[in-house]
$ cat model_15.cif   # mmCIF, C-alpha atoms, pLDDT in the B column; chains and numbers go by the auth columns
data_run
loop_
_atom_site.group_PDB
_atom_site.id
_atom_site.type_symbol
_atom_site.label_atom_id
_atom_site.label_comp_id
_atom_site.label_asym_id
_atom_site.label_seq_id
_atom_site.Cartn_x
_atom_site.Cartn_y
_atom_site.Cartn_z
_atom_site.B_iso_or_equiv
_atom_site.auth_seq_id
_atom_site.auth_asym_id
ATOM 1 C CA MET A 1 48.840 19.746 195.222 92.00 1 A
ATOM 2 C CA ARG A 2 50.723 22.624 193.713 94.00 2 A
ATOM 3 C CA ILE A 3 50.027 26.077 192.296 96.00 3 A
ATOM 4 C CA HIS A 4 50.318 26.895 188.599 96.00 4 A
ATOM 5 C CA ALA A 5 50.119 30.682 188.232 97.00 5 A
ATOM 6 C CA GLY A 6 50.337 33.590 185.868 97.00 6 A
ATOM 7 C CA VAL A 7 51.701 36.915 187.152 98.00 7 A
ATOM 8 C CA PHE A 8 51.562 40.225 185.326 97.00 8 A
ATOM 9 C CA SER A 9 52.105 43.833 186.398 97.00 9 A
ATOM 10 C CA ASP A 10 52.156 47.169 184.566 97.00 10 A
ATOM 11 C CA VAL A 11 53.053 50.646 185.762 96.00 11 A
ATOM 12 C CA GLY A 12 50.030 52.032 183.895 95.00 12 A
ATOM 13 C CA GLY A 13 49.685 55.179 181.861 92.00 13 A
ATOM 14 C CA TYR A 14 49.558 57.701 184.705 91.00 14 A
ATOM 15 C CA ARG A 15 52.370 56.724 187.098 90.00 15 A
ATOM 16 C CA ASP A 16 56.130 57.036 186.821 91.00 16 A
ATOM 17 C CA VAL A 17 56.914 54.200 189.252 92.00 17 A
ATOM 18 C CA ASN A 18 55.307 50.796 189.732 95.00 18 A
ATOM 19 C CA GLN A 19 54.588 50.455 193.459 95.00 19 A
ATOM 20 C CA ASP A 20 52.875 47.081 192.996 96.00 20 A
ATOM 21 C CA ALA A 21 54.875 43.917 193.615 96.00 21 A
ATOM 22 C CA ALA A 22 53.852 40.294 193.123 97.00 22 A
ATOM 23 C CA PHE A 23 55.156 36.754 193.092 96.00 23 A
ATOM 24 C CA ALA A 24 54.033 33.191 192.495 96.00 24 A
ATOM 25 C CA SER A 25 55.663 29.855 193.325 94.00 25 A
ATOM 26 C CA PRO A 26 54.432 26.237 193.400 94.00 26 A
ATOM 27 C CA PHE A 27 53.380 26.829 197.023 94.00 27 A
ATOM 28 C CA ALA A 28 52.255 30.448 197.213 95.00 28 A
ATOM 29 C CA ALA A 29 51.319 33.697 195.501 97.00 29 A
ATOM 30 C CA ALA A 30 50.883 37.269 196.704 97.00 30 A
ATOM 31 C CA VAL A 31 50.279 40.868 195.664 98.00 31 A
ATOM 32 C CA ALA A 32 51.556 43.910 197.578 97.00 32 A
ATOM 33 C CA ASP A 33 50.776 47.535 196.759 96.00 33 A
ATOM 34 C CA GLY A 34 52.821 50.448 198.078 94.00 34 A
ATOM 35 C CA VAL A 35 50.593 52.914 199.889 89.00 35 A
ATOM 36 C CA GLY A 36 49.861 55.905 197.676 70.00 36 A
ATOM 37 C CA GLY A 37 51.038 59.256 198.931 63.00 37 A
ATOM 38 C CA GLY A 38 53.785 57.729 201.053 66.00 38 A
ATOM 39 C CA PRO A 39 57.505 57.655 200.202 70.00 39 A
ATOM 40 C CA SER A 40 59.094 54.629 198.549 86.00 40 A
ATOM 41 C CA GLY A 41 55.964 52.516 198.391 90.00 41 A
ATOM 42 C CA ASP A 42 57.725 50.435 195.752 92.00 42 A
ATOM 43 C CA LEU A 43 60.525 49.622 198.208 90.00 43 A
ATOM 44 C CA ALA A 44 57.996 48.623 200.878 92.00 44 A
ATOM 45 C CA SER A 45 56.017 46.307 198.601 94.00 45 A
ATOM 46 C CA ALA A 46 59.179 44.790 197.114 92.00 46 A
ATOM 47 C CA ALA A 47 60.683 44.183 200.557 90.00 47 A
ATOM 48 C CA ILE A 48 57.585 42.344 201.769 93.00 48 A
ATOM 49 C CA ILE A 49 57.381 40.181 198.657 94.00 49 A
ATOM 50 C CA HIS A 50 61.060 39.274 198.774 90.00 50 A
ATOM 51 C CA LYS A 51 60.826 38.345 202.451 89.00 51 A
ATOM 52 C CA LEU A 52 57.905 36.026 201.719 91.00 52 A
ATOM 53 C CA ILE A 53 59.594 34.428 198.711 89.00 53 A
ATOM 54 C CA THR A 54 62.073 32.853 201.125 82.00 54 A
ATOM 55 C CA LEU A 55 59.224 30.686 202.466 80.00 55 A
ATOM 56 C CA ARG A 56 60.017 27.670 200.291 77.00 56 A
ATOM 57 C CA GLY A 57 57.765 24.643 200.557 79.00 57 A
ATOM 58 C CA ALA A 58 54.335 24.255 202.092 80.00 58 A
ATOM 59 C CA LEU A 59 53.676 26.143 205.328 85.00 59 A
ATOM 60 C CA PRO A 60 53.893 24.041 208.494 79.00 60 A
ATOM 61 C CA SER A 61 51.202 26.273 210.018 81.00 61 A
ATOM 62 C CA ALA A 62 49.522 29.663 209.783 85.00 62 A
ATOM 63 C CA GLU A 63 51.701 30.814 212.692 86.00 63 A
ATOM 64 C CA ASP A 64 54.793 30.420 210.528 88.00 64 A
ATOM 65 C CA LEU A 65 53.328 32.819 207.983 90.00 65 A
ATOM 66 C CA ILE A 66 52.381 35.316 210.682 91.00 66 A
ATOM 67 C CA GLY A 67 55.938 35.205 211.978 90.00 67 A
ATOM 68 C CA ARG A 68 57.403 35.836 208.536 89.00 68 A
ATOM 69 C CA VAL A 69 55.039 38.752 207.870 92.00 69 A
ATOM 70 C CA LYS A 70 55.937 40.267 211.247 92.00 70 A
ATOM 71 C CA ALA A 71 59.620 39.907 210.370 91.00 71 A
ATOM 72 C CA ALA A 72 59.080 41.643 207.025 91.00 72 A
ATOM 73 C CA ASN A 73 57.175 44.423 208.756 93.00 73 A
ATOM 74 C CA TRP A 74 59.941 44.796 211.351 91.00 74 A
ATOM 75 C CA ASP A 75 62.486 45.147 208.533 87.00 75 A
ATOM 76 C CA ILE A 76 60.446 47.987 207.034 90.00 76 A
ATOM 77 C CA GLY A 77 60.337 49.702 210.420 91.00 77 A
ATOM 78 C CA ALA A 78 64.086 49.308 210.845 89.00 78 A
ATOM 79 C CA HIS A 79 64.698 50.832 207.438 85.00 79 A
ATOM 80 C CA ILE A 80 62.487 53.797 208.342 89.00 80 A
ATOM 81 C CA ARG A 81 64.365 54.262 211.607 90.00 81 A
ATOM 82 C CA ARG A 82 67.620 54.395 209.658 89.00 82 A
ATOM 83 C CA ASP A 83 66.283 56.968 207.188 89.00 83 A
ATOM 84 C CA ALA A 84 63.695 59.436 208.492 87.00 84 A
ATOM 85 C CA ALA A 85 62.872 60.479 204.926 87.00 85 A
ATOM 86 C CA LEU A 86 61.095 57.124 204.539 88.00 86 A
ATOM 87 C CA ALA A 87 58.623 57.760 207.375 87.00 87 A
ATOM 88 C CA GLY A 88 55.200 56.683 206.115 88.00 88 A
ATOM 89 C CA MET A 89 56.534 53.952 203.812 91.00 89 A
ATOM 90 C CA ALA A 90 53.974 51.124 203.814 94.00 90 A
ATOM 91 C CA SER A 91 52.336 48.437 201.709 95.00 91 A
ATOM 92 C CA THR A 92 49.218 46.321 201.454 96.00 92 A
ATOM 93 C CA LEU A 93 49.499 42.536 201.221 97.00 93 A
ATOM 94 C CA THR A 94 47.148 39.854 199.930 98.00 94 A
ATOM 95 C CA GLY A 95 48.443 36.329 199.448 96.00 95 A
ATOM 96 C CA LEU A 96 47.824 32.603 199.725 96.00 96 A
ATOM 97 C CA TRP A 97 49.984 29.682 200.814 95.00 97 A
ATOM 98 C CA LEU A 98 49.499 25.918 200.675 94.00 98 A
ATOM 99 C CA THR A 99 49.980 24.198 204.032 91.00 99 A
ATOM 100 C CA GLY A 100 51.575 20.878 204.850 87.00 100 A
ATOM 101 C CA ASP A 101 48.285 19.415 206.098 87.00 101 A
ATOM 102 C CA GLY A 102 46.538 19.880 202.749 88.00 102 A
ATOM 103 C CA GLY A 103 44.940 23.232 203.485 92.00 103 A
ATOM 104 C CA LEU A 104 45.468 26.808 202.372 95.00 104 A
ATOM 105 C CA VAL A 105 46.131 30.048 204.271 95.00 105 A
ATOM 106 C CA VAL A 106 45.029 33.497 203.089 96.00 106 A
ATOM 107 C CA ALA A 107 46.749 36.598 204.480 96.00 107 A
ATOM 108 C CA HIS A 108 45.355 40.084 203.932 96.00 108 A
ATOM 109 C CA THR A 109 45.739 43.716 204.926 96.00 109 A
ATOM 110 C CA GLY A 110 44.762 46.770 202.868 94.00 110 A
ATOM 111 C CA ASP A 111 42.696 46.947 199.698 93.00 111 A
ATOM 112 C CA SER A 112 44.311 44.495 197.332 96.00 112 A
ATOM 113 C CA ARG A 113 41.927 41.574 196.860 96.00 113 A
ATOM 114 C CA ALA A 114 41.617 37.809 196.580 98.00 114 A
ATOM 115 C CA TYR A 115 38.830 35.980 194.747 98.00 115 A
ATOM 116 C CA LEU A 116 38.109 32.257 194.506 98.00 116 A
ATOM 117 C CA LEU A 117 36.622 30.595 191.418 98.00 117 A
ATOM 118 C CA ARG A 118 35.048 27.276 192.405 97.00 118 A
ATOM 119 C CA ASP A 119 32.373 25.421 190.464 94.00 119 A
ATOM 120 C CA ARG A 120 32.423 28.342 187.992 93.00 120 A
ATOM 121 C CA GLU A 121 31.319 30.823 190.690 96.00 121 A
ATOM 122 C CA LEU A 122 33.691 33.713 191.460 97.00 122 A
ATOM 123 C CA ALA A 123 33.460 34.889 195.077 97.00 123 A
ATOM 124 C CA ARG A 124 35.458 37.602 196.807 96.00 124 A
ATOM 125 C CA GLN A 125 37.480 36.252 199.745 97.00 125 A
ATOM 126 C CA THR A 126 38.855 39.413 201.363 96.00 126 A
ATOM 127 C CA ARG A 127 37.343 42.533 202.880 92.00 127 A
ATOM 128 C CA ASP A 128 38.905 45.874 201.939 90.00 128 A
ATOM 129 C CA ASP A 129 40.530 47.694 204.841 88.00 129 A
ATOM 130 C CA SER A 130 39.322 51.034 203.538 77.00 130 A
ATOM 131 C CA PHE A 131 37.356 54.129 204.443 84.00 131 A
ATOM 132 C CA VAL A 132 34.712 53.360 201.847 83.00 132 A
ATOM 133 C CA GLN A 133 34.277 49.752 203.017 74.00 133 A
ATOM 134 C CA ALA A 134 33.652 51.106 206.517 79.00 134 A
ATOM 135 C CA LEU A 135 30.904 53.321 205.085 84.00 135 A
ATOM 136 C CA VAL A 136 29.350 50.294 203.403 79.00 136 A
ATOM 137 C CA ASP A 137 29.542 48.243 206.608 77.00 137 A
ATOM 138 C CA ARG A 138 27.722 50.992 208.507 81.00 138 A
ATOM 139 C CA GLY A 139 25.027 51.269 205.860 81.00 139 A
ATOM 140 C CA LEU A 140 25.998 54.838 204.986 83.00 140 A
ATOM 141 C CA ILE A 141 26.491 54.081 201.292 76.00 141 A
ATOM 142 C CA ARG A 142 25.325 51.245 199.047 80.00 142 A
ATOM 143 C CA PRO A 143 27.856 48.581 198.008 76.00 143 A
ATOM 144 C CA GLU A 144 27.328 49.491 194.351 70.00 144 A
ATOM 145 C CA ASP A 145 28.318 53.106 195.107 71.00 145 A
ATOM 146 C CA ALA A 146 31.662 52.143 196.670 73.00 146 A
ATOM 147 C CA TRP A 147 33.161 51.436 193.252 69.00 147 A
ATOM 148 C CA THR A 148 32.903 55.102 192.190 72.00 148 A
ATOM 149 C CA HIS A 149 33.260 56.825 195.564 76.00 149 A
ATOM 150 C CA PRO A 150 35.823 59.689 195.368 69.00 150 A
ATOM 151 C CA ARG A 151 37.560 58.495 198.564 76.00 151 A
ATOM 152 C CA ARG A 152 37.769 54.831 197.659 71.00 152 A
ATOM 153 C CA ASN A 153 41.592 54.893 197.736 74.00 153 A
ATOM 154 C CA ILE A 154 41.868 55.729 201.457 84.00 154 A
ATOM 155 C CA ILE A 155 42.937 52.578 203.315 85.00 155 A
ATOM 156 C CA THR A 156 42.704 51.905 207.036 89.00 156 A
ATOM 157 C CA ALA A 157 45.296 49.125 207.442 90.00 157 A
ATOM 158 C CA SER A 158 48.693 48.331 205.931 93.00 158 A
ATOM 159 C CA LEU A 159 52.187 47.146 206.815 95.00 159 A
ATOM 160 C CA GLY A 160 54.314 50.178 207.703 94.00 160 A
ATOM 161 C CA GLY A 161 56.787 48.858 210.251 93.00 161 A
ATOM 162 C CA ASN A 162 54.621 49.622 213.271 92.00 162 A
ATOM 163 C CA GLU A 163 53.958 47.311 216.219 90.00 163 A
ATOM 164 C CA GLU A 164 50.227 47.938 215.946 92.00 164 A
ATOM 165 C CA ASP A 165 50.007 46.893 212.275 94.00 165 A
ATOM 166 C CA VAL A 166 47.558 44.019 211.839 90.00 166 A
ATOM 167 C CA ILE A 167 47.229 41.378 209.134 93.00 167 A
ATOM 168 C CA ARG A 168 44.299 38.977 208.918 93.00 168 A
ATOM 169 C CA VAL A 169 45.303 35.328 208.423 94.00 169 A
ATOM 170 C CA GLU A 170 42.626 32.710 207.737 94.00 170 A
ATOM 171 C CA THR A 171 42.785 28.994 206.981 93.00 171 A
ATOM 172 C CA ARG A 172 40.645 27.745 204.071 94.00 172 A
ATOM 173 C CA ASP A 173 39.856 24.414 202.507 93.00 173 A
ATOM 174 C CA VAL A 174 41.388 23.869 199.093 96.00 174 A
ATOM 175 C CA ARG A 175 40.490 21.611 196.166 96.00 175 A
ATOM 176 C CA ILE A 176 42.226 20.616 192.979 97.00 176 A
ATOM 177 C CA GLY A 177 40.532 22.697 190.303 97.00 177 A
ATOM 178 C CA ASP A 178 40.214 25.819 192.442 98.00 178 A
ATOM 179 C CA ARG A 179 41.327 29.039 190.757 98.00 179 A
ATOM 180 C CA TRP A 180 42.421 31.992 192.890 98.00 180 A
ATOM 181 C CA PHE A 181 42.658 35.508 191.519 98.00 181 A
ATOM 182 C CA LEU A 182 44.696 38.187 193.325 98.00 182 A
ATOM 183 C CA CYS A 183 44.980 41.812 192.236 98.00 183 A
ATOM 184 C CA SER A 184 45.825 45.344 193.283 97.00 184 A
ATOM 185 C CA ASP A 185 43.188 48.077 193.459 94.00 185 A
ATOM 186 C CA GLY A 186 44.406 49.367 190.117 94.00 186 A
ATOM 187 C CA VAL A 187 42.279 46.551 188.716 97.00 187 A
ATOM 188 C CA THR A 188 39.198 46.540 190.943 94.00 188 A
ATOM 189 C CA ASP A 189 38.803 50.320 191.092 90.00 189 A
ATOM 190 C CA TYR A 190 38.305 50.415 187.322 93.00 190 A
ATOM 191 C CA VAL A 191 36.969 47.058 186.128 95.00 191 A
ATOM 192 C CA PRO A 192 33.583 45.660 187.253 93.00 192 A
ATOM 193 C CA GLU A 193 33.641 42.270 188.935 93.00 193 A
ATOM 194 C CA ASP A 194 31.445 40.676 186.273 95.00 194 A
ATOM 195 C CA ALA A 195 34.013 41.591 183.603 97.00 195 A
ATOM 196 C CA LEU A 196 36.800 40.124 185.738 97.00 196 A
ATOM 197 C CA ALA A 197 34.754 36.975 186.315 97.00 197 A
ATOM 198 C CA GLU A 198 34.353 36.500 182.567 97.00 198 A
ATOM 199 C CA ILE A 199 38.120 36.340 182.100 98.00 199 A
ATOM 200 C CA VAL A 200 38.884 34.337 185.243 98.00 200 A
ATOM 201 C CA ARG A 201 36.199 31.813 184.307 97.00 201 A
ATOM 202 C CA GLY A 202 36.744 31.730 180.572 96.00 202 A
ATOM 203 C CA VAL A 203 40.514 31.838 179.951 98.00 203 A
ATOM 204 C CA ALA A 204 42.074 28.472 180.735 97.00 204 A
ATOM 205 C CA ASP A 205 45.753 29.501 180.807 98.00 205 A
ATOM 206 C CA PRO A 206 46.515 31.446 184.013 98.00 206 A
ATOM 207 C CA VAL A 207 49.378 33.308 182.335 97.00 207 A
ATOM 208 C CA ALA A 208 47.105 34.526 179.550 98.00 208 A
ATOM 209 C CA ALA A 209 44.322 35.323 182.037 98.00 209 A
ATOM 210 C CA SER A 210 46.562 37.509 184.227 98.00 210 A
ATOM 211 C CA ARG A 211 47.800 39.433 181.203 98.00 211 A
ATOM 212 C CA MET A 212 44.279 39.916 179.836 98.00 212 A
ATOM 213 C CA ILE A 213 43.054 41.277 183.171 98.00 213 A
ATOM 214 C CA VAL A 214 45.861 43.834 183.295 98.00 214 A
ATOM 215 C CA GLU A 215 45.231 44.828 179.681 98.00 215 A
ATOM 216 C CA LEU A 216 41.524 45.250 180.418 98.00 216 A
ATOM 217 C CA ALA A 217 42.271 47.554 183.364 97.00 217 A
ATOM 218 C CA LEU A 218 44.603 49.628 181.190 97.00 218 A
ATOM 219 C CA ARG A 219 41.931 49.941 178.511 97.00 219 A
ATOM 220 C CA ALA A 220 39.567 51.094 181.268 96.00 220 A
ATOM 221 C CA ALA A 221 42.008 53.994 181.865 94.00 221 A
ATOM 222 C CA SER A 222 43.191 52.811 185.276 94.00 222 A
ATOM 223 C CA ARG A 223 45.080 55.685 186.879 92.00 223 A
ATOM 224 C CA ASP A 224 47.055 53.347 189.132 93.00 224 A
ATOM 225 C CA ASN A 225 49.589 50.566 188.795 96.00 225 A
ATOM 226 C CA VAL A 226 47.887 47.366 187.672 98.00 226 A
ATOM 227 C CA THR A 227 48.742 43.844 188.859 98.00 227 A
ATOM 228 C CA ALA A 228 46.996 40.483 188.527 98.00 228 A
ATOM 229 C CA VAL A 229 47.905 36.967 189.633 98.00 229 A
ATOM 230 C CA VAL A 230 45.814 33.984 188.525 98.00 230 A
ATOM 231 C CA CYS A 231 46.539 30.749 190.412 98.00 231 A
ATOM 232 C CA ASP A 232 45.296 27.278 189.558 98.00 232 A
ATOM 233 C CA VAL A 233 45.454 24.559 192.204 97.00 233 A
ATOM 234 C CA VAL A 234 46.529 21.468 190.284 97.00 234 A
ATOM 235 C CA ASP A 235 47.470 17.876 190.975 95.00 235 A
ATOM 236 C CA GLY A 236 51.114 16.906 191.214 91.00 236 A
ATOM 237 C CA ALA A 237 54.158 17.222 193.436 85.00 237 A
ATOM 238 C CA PRO A 238 55.474 20.795 193.612 81.00 238 A
ATOM 239 C CA ASP A 239 59.084 21.499 192.729 83.00 239 A
ATOM 240 C CA ILE A 240 60.618 22.917 195.893 79.00 240 A
ATOM 241 C CA ALA A 241 63.596 24.219 193.902 80.00 241 A
ATOM 242 C CA ALA A 242 61.475 26.151 191.388 86.00 242 A
ATOM 243 C CA VAL A 243 62.425 29.815 191.076 87.00 243 A
ATOM 244 C CA PRO A 244 59.470 32.065 191.992 91.00 244 A
ATOM 245 C CA VAL A 245 58.083 34.363 189.299 94.00 245 A
ATOM 246 C CA ILE A 246 58.257 38.012 190.399 95.00 246 A
ATOM 247 C CA ALA A 247 56.791 41.157 188.863 96.00 247 A
ATOM 248 C CA GLY A 248 56.488 44.892 189.386 95.00 248 A
ATOM 249 C CA ALA A 249 58.583 46.479 192.121 93.00 249 A
ATOM 250 C CA ALA A 250 59.676 43.026 193.292 92.00 250 A
ATOM 251 C CA ALA A 251 61.700 42.855 190.075 90.00 251 A
ATOM 252 C CA SER A 252 62.660 46.502 189.545 80.00 252 A
ATOM 253 C CA ARG A 253 63.745 47.163 193.172 69.00 253 A
ATOM 254 C CA TRP A 254 65.655 43.910 193.661 60.00 254 A
ATOM 255 C CA THR A 255 69.047 45.594 194.059 56.00 255 A
ATOM 256 C CA GLU A 256 67.804 48.139 196.578 59.00 256 A
ATOM 257 C CA VAL A 257 65.995 45.499 198.611 58.00 257 A
ATOM 258 C CA ILE A 258 69.121 43.359 198.838 53.00 258 A
ATOM 259 C CA GLU A 259 71.389 46.291 199.674 55.00 259 A
ATOM 260 C CA ALA A 260 68.994 47.435 202.414 57.00 260 A
ATOM 261 C CA GLY A 261 69.005 43.958 203.927 57.00 261 A
ATOM 262 C CA LEU A 262 65.230 43.661 203.583 56.00 262 A
ATOM 263 C CA ALA A 263 65.188 40.301 201.836 52.00 263 A
ATOM 264 C CA SER A 264 67.131 38.228 204.338 48.00 264 A
ATOM 265 C CA ALA A 265 65.778 34.821 205.278 39.00 265 A
#

$ encode --input "model_15.cif" --output "structure tokens"
Amino acid sequence: MRIHAGVFSDVGGYRDVNQDAAFASPFAAAVADGVGGGPSGDLASAAIIHKLITLRGALPSAEDLIGRVKAANWDIGAHIRRDAALAGMASTLTGLWLTGDGGLVVAHTGDSRAYLLRDRELARQTRDDSFVQALVDRGLIRPEDAWTHPRRNIITASLGGNEEDVIRVETRDVRIGDRWFLCSDGVTDYVPEDALAEIVRGVADPVAASRMIVELALRAASRDNVTAVVCDVVDGAPDIAAVPVIAGAAASRWTEVIEAGLASA
């Protein structure tokens, strides 16, 4: 099996800097979103994405992914220790990786999201690490009210270079024909899930689907950066030498990431 993906990111009409970063390869795809209100969120998201891009080929195990994420998080912490002005720099991460035993691993922290389209049913696969999700879990607000809650952008977990940072890693079954959809909250805070499902279900080309989702969020007046990755699991041997597609801060902050030593293997 391999992944055939479309990746698209836009700074949006209300931000000066794109703090979203994303990539896709024949083995993996991920979205990272720099934490709003913190310094250099674009550097944090780009550093994480570039560290994960170096994972070429299918994962031997979920533990290998955990180790690489911890290494990326340690790099962010080291950069903060070198420059106190970057204290608070952090990023979300939501991604998926094919494994060598024919499975799939999903990694998640923060409020970017992953959805799975299988048998034409789109189902959310991640839980937001957010203040509003905690209110929903406790029954203090209805799930339908979370979408418009004024504090929906407050997150409760991210990667900020701290030892106590936590990322959830889960192994899933995978089938040829599955379609995964990853996005930043600049999409899901402004576009209803039924509208997203219509595109994910109805647009066959993942490149066109990712672009259409971003355009829809922009038309909905998203006040955030907007990023979408649409991944089809298809038959065929993946090309281990294929160059990953990168977008957002992963592309615009490439030089700074390299110079800071945050993209080392």

$ residues_around --input "model_15.cif" --residues "Ser9 (chain A)" --least-positions-apart "3" --cutoff "6 Å" --atoms "only C-alpha atoms" --output "PDB file with C-alpha atoms, keeping the file's coordinate frame"
ATOM      1  CA  VAL A 226      47.887  47.366 187.672  1.00 98.00           C
ATOM      2  CA  THR A 227      48.742  43.844 188.859  1.00 98.00           C
ATOM      3  CA  ALA A 247      56.791  41.157 188.863  1.00 96.00           C
ATOM      4  CA  GLY A 248      56.488  44.892 189.386  1.00 95.00           C
TER       5      GLY A 248
END

$ resolve_selection --input "model_15.cif" --expression "the PyMOL selection byres ((chain A and resi 75) around 9)" --output "PyMOL selection string"
chain A and resi 47-48+70-74+76-80+161+261-263

$ residues_around --input "model_15.cif" --residues "region 183-197 of chain A" --least-positions-apart "2" --cutoff "7 Å" --atoms "all atoms listed in the file" --output "JSON, numbers by chain"
{"A": [31, 33, 111, 112, 113, 114, 122, 147, 181, 199, 200, 201, 213, 217, 220, 222, 224, 225, 226, 227, 228, 229]}

$ resolve_selection --input "model_15.cif" --expression "the PyMOL selection byres ((chain A and resi 239) around 9)" --output "ChimeraX atom specification"
/A:2,26-27,57,237-238,240-242

$ residues_around --input "model_15.cif" --residues "region 163-177 of chain A" --least-positions-apart "2" --cutoff "9 Å" --atoms "all atoms listed in the file" --output "tab-separated table (two decimals) with C-alpha atoms, keeping the file's coordinate frame"
chain	number	residue	atom	x	y	z
A	1	MET	CA	48.84	19.75	195.22
A	2	ARG	CA	50.72	22.62	193.71
A	62	ALA	CA	49.52	29.66	209.78
A	63	GLU	CA	51.70	30.81	212.69
A	65	LEU	CA	53.33	32.82	207.98
A	66	ILE	CA	52.38	35.32	210.68
A	69	VAL	CA	55.04	38.75	207.87
A	70	LYS	CA	55.94	40.27	211.25
A	73	ASN	CA	57.18	44.42	208.76
A	74	TRP	CA	59.94	44.80	211.35
A	77	GLY	CA	60.34	49.70	210.42
A	93	LEU	CA	49.50	42.54	201.22
A	98	LEU	CA	49.50	25.92	200.68
A	102	GLY	CA	46.54	19.88	202.75
A	103	GLY	CA	44.94	23.23	203.48
A	104	LEU	CA	45.47	26.81	202.37
A	105	VAL	CA	46.13	30.05	204.27
A	106	VAL	CA	45.03	33.50	203.09
A	107	ALA	CA	46.75	36.60	204.48
A	108	HIS	CA	45.36	40.08	203.93
A	109	THR	CA	45.74	43.72	204.93
A	110	GLY	CA	44.76	46.77	202.87
A	117	LEU	CA	36.62	30.60	191.42
A	118	ARG	CA	35.05	27.28	192.40
A	119	ASP	CA	32.37	25.42	190.46
A	157	ALA	CA	45.30	49.12	207.44
A	158	SER	CA	48.69	48.33	205.93
A	159	LEU	CA	52.19	47.15	206.82
A	160	GLY	CA	54.31	50.18	207.70
A	161	GLY	CA	56.79	48.86	210.25
A	179	ARG	CA	41.33	29.04	190.76
A	232	ASP	CA	45.30	27.28	189.56
A	233	VAL	CA	45.45	24.56	192.20
A	234	VAL	CA	46.53	21.47	190.28
A	235	ASP	CA	47.47	17.88	190.98

$ closest_residue --input "model_15.cif" --among "A:Val7, A:Arg142, A:Gly236, A:Gly12" --to "Arg219 (chain A)" --atoms "only C-alpha atoms"
A:Gly12

$ atom_distance --input "model_15.cif" --atom1 "CA of Val214 (chain A)" --atom2 "CA of Gly36 (chain A)"
19.2 Å

$ atom_distance --input "model_15.cif" --atom1 "CA of Ala21 (chain A)" --atom2 "CA of Ala90 (chain A)"
12.5 Å

$ atom_distance --input "model_15.cif" --atom1 "CA of Arg82 (chain A)" --atom2 "CA of Thr156 (chain A)"
25.2 Å

$ closest_residue --input "model_15.cif" --among "A:Ala221, A:Trp180, A:Asp16, A:Leu86" --to "Ala209 (chain A)" --atoms "all atoms listed in the file"
A:Trp180

$ closest_residue --input "model_15.cif" --among "A:Ala30, A:Asp42, A:Ile154, A:Gly67" --to "Leu135 (chain A)" --atoms "all atoms listed in the file"
A:Ile154

$ resolve_selection --input "model_15.cif" --expression "the PyMOL selection byres ((chain A and resi 34) around 8)" --output "PyMOL selection string"
chain A and resi 19-20+32-33+35-36+38+40-45+89-92

$ build_atoms --input "model_15.cif" --residues "region 38-46 of chain A" --atoms "N, CA, C and O atoms" --output "mmCIF file, keeping the file's coordinate frame"
data_model
loop_
_atom_site.group_PDB
_atom_site.id
_atom_site.type_symbol
_atom_site.label_atom_id
_atom_site.label_comp_id
_atom_site.auth_asym_id
_atom_site.auth_seq_id
_atom_site.Cartn_x
_atom_site.Cartn_y
_atom_site.Cartn_z
ATOM 1 N N GLY A 38 52.639 57.920 200.176
ATOM 2 C CA GLY A 38 53.785 57.729 201.053
ATOM 3 C C GLY A 38 55.063 57.596 200.250
ATOM 4 O O GLY A 38 55.042 57.338 199.052
ATOM 5 N N PRO A 39 56.224 57.770 200.905
ATOM 6 C CA PRO A 39 57.505 57.655 200.202
ATOM 7 C C PRO A 39 57.873 56.197 199.958
ATOM 8 O O PRO A 39 57.564 55.322 200.768
ATOM 9 N N SER A 40 58.505 55.944 198.837
ATOM 10 C CA SER A 40 59.094 54.629 198.549
ATOM 11 C C SER A 40 58.133 53.473 198.768
ATOM 12 O O SER A 40 58.500 52.433 199.317
ATOM 13 N N GLY A 41 56.904 53.622 198.305
ATOM 14 C CA GLY A 41 55.964 52.516 198.391
ATOM 15 C C GLY A 41 56.442 51.311 197.609
ATOM 16 O O GLY A 41 56.148 50.167 197.975
ATOM 17 N N ASP A 42 57.201 51.548 196.539
ATOM 18 C CA ASP A 42 57.725 50.435 195.752
ATOM 19 C C ASP A 42 58.755 49.639 196.548
ATOM 20 O O ASP A 42 58.820 48.414 196.445
ATOM 21 N N LEU A 43 59.560 50.332 197.370
ATOM 22 C CA LEU A 43 60.525 49.622 198.208
ATOM 23 C C LEU A 43 59.809 48.797 199.271
ATOM 24 O O LEU A 43 60.192 47.663 199.555
ATOM 25 N N ALA A 44 58.748 49.353 199.851
ATOM 26 C CA ALA A 44 57.996 48.623 200.878
ATOM 27 C C ALA A 44 57.360 47.365 200.313
ATOM 28 O O ALA A 44 57.471 46.277 200.894
ATOM 29 N N SER A 45 56.679 47.486 199.178
ATOM 30 C CA SER A 45 56.017 46.307 198.601
ATOM 31 C C SER A 45 57.040 45.271 198.150
ATOM 32 O O SER A 45 56.845 44.069 198.346
ATOM 33 N N ALA A 46 58.147 45.722 197.562
ATOM 34 C CA ALA A 46 59.179 44.790 197.114
ATOM 35 C C ALA A 46 59.814 44.070 198.295
ATOM 36 O O ALA A 46 60.082 42.863 198.231
#
